[in-house]
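Remarks on the structure that follows.
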Amino acid sequence: MAPLSVSAADEKRVKALGFLNNKGTDNFSARIITVNGKVTAAQQRCIAEAAEKFGNGIVTYTTRLTVEVQGVPYDKIEDFRAYIAKEGLETGGTGSLVRPVVSCKGTTCQYGLLDSFGLSEEIHERFYKGYRTVKLPHKFKIAVGGCPNNCVKPDLNDLGIIGQRIPNLDPDECNGCKKCGVVQACPMGAATLEDGVAEINKDICNNCGRCIGTCHFDAMDEGTYGYKIYIGGRWGKLVAHGRPLSKVFTDKEEALNVIEKAILLFREQGKTGERFAKTIERLGFENVEAQLLGNELLERKQQILDAELHMVGGATC
């Protein structure tokens, strides 16, 4: 085998651009950011052409909805980046930073309770791109799920959003039908008939919205759309299930602000090398939740961003 000619410093430099070394070679896999796993037909063609022109013709897909073109030589990296840029594509997605957003197809899914593609694109622009120069203690992963089916496992990400449709039952409109449409529609067993009146156990209900509109007497005709936010999830060698904040947010901007506050909190109060789950464990969930529901972090945003923190970086995997 020929000796490797790419230095460790150059390998590290291009990794920051989204090019990961193919083990034992001078070639790299180019990690292309898809924003949320959605690409156009023109972009697909461009990726295929780039794979044949600069790589070994193989395209792989990561669990984080990015695309990797294998076998790109070190001296072709800049040519590759310029080629895919003509279709609005870019490489990246590594380091102790906000990572590319993962989204389910809730926008088009029959169960989707929010525009997951639209929301994830907003998060991508505001936090993946907007925070690209902000170093964190470790990587920070965000997932957007359109409903409680949890297809993208939001609660196993540092921060996850799950679409909600909160039932608003009007007991005065309930006729106590023996075959209650609301009870029959509820997959969680949260809806029951108590003394001839429909009730929903909020401790069991996951706000999937499947019961909305099933009452023939309009006791359950609308529902409130919202965003449930989980924090502190982690997949990998040490698994941690995220915990939901006590509030279900009904305003999108408020939910986006919580994401920003979580990033700011992690940057300021996280220790270099630890994941957000560990930061929350160390500080206490109630403490972290209180800060995320308050405004003080945003009021000190510039101070937190200007601080020289995590200069070494902590993402080791």
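Ordering of the structure tokens sets the chain letters (A, B, ...), residue numbers begin anew at 1 in every chain, and ligands are numbered from 1 in the order given.
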**Report entry** DSSP strand (DSSP E) residues within range 101-233 of chain A, listed as an MDAnalysis selection string
**Finding:** chainID A and resid 102:103 142:145 159:166 191:194 197:200 224:231
Query - Residues within 8 Å of Asn168 in chain A, only C-alpha atoms, excluding chain neighbours under 2 positions, as JSON, numbers by chain - result: {"A": [166, 170, 220, 221, 222, 223, 224]}
Take the residues from that selection and write them out as a PDB file, in the first residue's frame, keeping N, CA and C atoms.
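Written out: out_22.pdb:
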ATOM      1  N   ILE A 166     -53.615  19.251  20.591  1.00  0.00           N
ATOM      2  CA  ILE A 166     -54.168  19.085  21.935  1.00  0.00           C
ATOM      3  C   ILE A 166     -55.690  19.070  21.854  1.00  0.00           C
ATOM      4  N   ASP A 170     -65.358  19.484  24.920  1.00  0.00           N
ATOM      5  CA  ASP A 170     -66.425  20.285  25.522  1.00  0.00           C
ATOM      6  C   ASP A 170     -67.449  19.338  26.126  1.00  0.00           C
ATOM      7  N   MET A 220     -65.747  17.487  20.199  1.00  0.00           N
ATOM      8  CA  MET A 220     -64.298  17.447  19.979  1.00  0.00           C
ATOM      9  C   MET A 220     -64.039  17.818  18.520  1.00  0.00           C
ATOM     10  N   ASP A 221     -64.164  19.099  18.192  1.00  0.00           N
ATOM     11  CA  ASP A 221     -64.166  19.483  16.783  1.00  0.00           C
ATOM     12  C   ASP A 221     -62.926  20.230  16.308  1.00  0.00           C
ATOM     13  N   GLU A 222     -62.066  20.693  17.186  1.00  0.00           N
ATOM     14  CA  GLU A 222     -60.938  21.513  16.746  1.00  0.00           C
ATOM     15  C   GLU A 222     -59.600  20.963  17.239  1.00  0.00           C
ATOM     16  N   GLY A 223     -59.253  21.306  18.442  1.00  0.00           N
ATOM     17  CA  GLY A 223     -57.929  20.957  18.946  1.00  0.00           C
ATOM     18  C   GLY A 223     -56.951  22.089  18.702  1.00  0.00           C
ATOM     19  N   THR A 224     -55.919  22.143  19.513  1.00  0.00           N
ATOM     20  CA  THR A 224     -54.912  23.200  19.422  1.00  0.00           C
ATOM     21  C   THR A 224     -53.584  22.603  18.971  1.00  0.00           C
TER      22      THR A 224
END
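From CA of Val67 in chain A back to CA of Ala255 in chain A, the distance works out to 28.4 Å.
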Requested in this report: Mind checking which residues fall within 8 Å of range 131-145 of chain A, counting only C-alpha atoms, ignoring those fewer than 3 positions away in the same chain, and posting them as an MDAnalysis selection string?
Outcome: chainID A and resid 95:104 106 116 119:120 126:128 148 150:154 157:163 263 266:267 270:276 305 309:311 313:315
Report task. Give the alpha helix (DSSP H) residues of range 2-174 of chain A, as DSSP finds them on the backbone, and put them as number ranges by chain. Result -> A: 8-15, 41-54, 77-85, 116-123
Report task. Between CA of Arg243 in chain A and CA of Val312 in chain A, measure the distance and give it in Å to one decimal. Result ->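 These two atoms are separated by 29.0 Å.
Comparing the minimum interatomic distances between Asp10 in chain A and each of A:Lys247, A:Lys86, A:Gly226, A:Ile77, counting only C-alpha atoms, we find that A:Ile77 sits nearest.
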Requested in this report: Do a neighbour search on Val248 in chain A at 8 Å with only C-alpha atoms, toss out local chain neighbours closer than 3 positions, and write the hits as a PyMOL selection string.
Outcome: chain A and resi 226-229+245
Query raised in the report: With only C-alpha atoms as the basis for distance, which of A:Asp155, A:Glu199, A:Asp26, A:Asp306 is at the shortest distance from Gly176 in chain A?
Result: A:Glu199
Query raised in the report: Any idea what's packed within 12 Å of Asp75 in chain A, counting only C-alpha atoms, ignoring anything in its chain fewer than 2 positions away? Could you give it as a ChimeraX atom specification?
Result: /A:5-6,10-11,14,19,26-28,54-55,71-73,77-81
Requested in this report: Please indicate the distance in Å from CA of Asp251 in chain A to CA of Gln303 in chain A, rounded to one decimal place.
Outcome: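 So the answer is 26.5 Å.
Restricting the calculation to only C-alpha atoms, the smallest distance between Gly118 in chain A and any of A:Ala48, A:Arg165, A:Tyr61, A:Lys252 is found for A:Lys252.
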Which residues are near Lys179 in chain A? Cut-off 12 Å, only C-alpha atoms, ignore same chain within fewer than 6 positions. Put them as a PDB file with C-alpha atoms, in the first residue's frame.
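Full text of out_6.pdb as output:
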ATOM      1  CA  ALA A 185     -60.485   6.700  17.985  1.00  0.00           C
ATOM      2  CA  THR A 192     -63.015   7.053  28.493  1.00  0.00           C
ATOM      3  CA  LEU A 193     -66.684   7.440  29.394  1.00  0.00           C
ATOM      4  CA  GLY A 196     -71.940   8.972  30.704  1.00  0.00           C
ATOM      5  CA  VAL A 197     -69.567  11.801  29.809  1.00  0.00           C
ATOM      6  CA  ALA A 198     -66.375  11.546  27.750  1.00  0.00           C
ATOM      7  CA  THR A 214     -64.680  12.014  15.714  1.00  0.00           C
ATOM      8  CA  CYS A 215     -67.579  13.173  17.913  1.00  0.00           C
ATOM      9  CA  HIS A 216     -70.850  13.318  15.970  1.00  0.00           C
TER      10      HIS A 216
END
Query - Residue with smallest distance to Cys147 in chain A - pool A:Glu299, A:Glu125, A:Glu281, A:Asp115, counting only C-alpha atoms - result: A:Asp115
Query raised in the report: Near Gly189 in chain A, counting only C-alpha atoms, which residues have an atom at most 8 Å away, once you skip same-chain residues fewer than 4 positions from it, shown as a PyMOL selection string?
Result: chain A and resi 183+204-205
Would you write out those residues with C-alpha atoms, as a CSV table (one decimal), in the first residue's frame?
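Ended up saving to again-v4.csv:
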chain,number,residue,atom,x,y,z
A,183,VAL,CA,-63.1,6.7,22.9
A,204,ILE,CA,-52.0,9.3,29.2
A,205,CYS,CA,-52.9,11.4,26.2
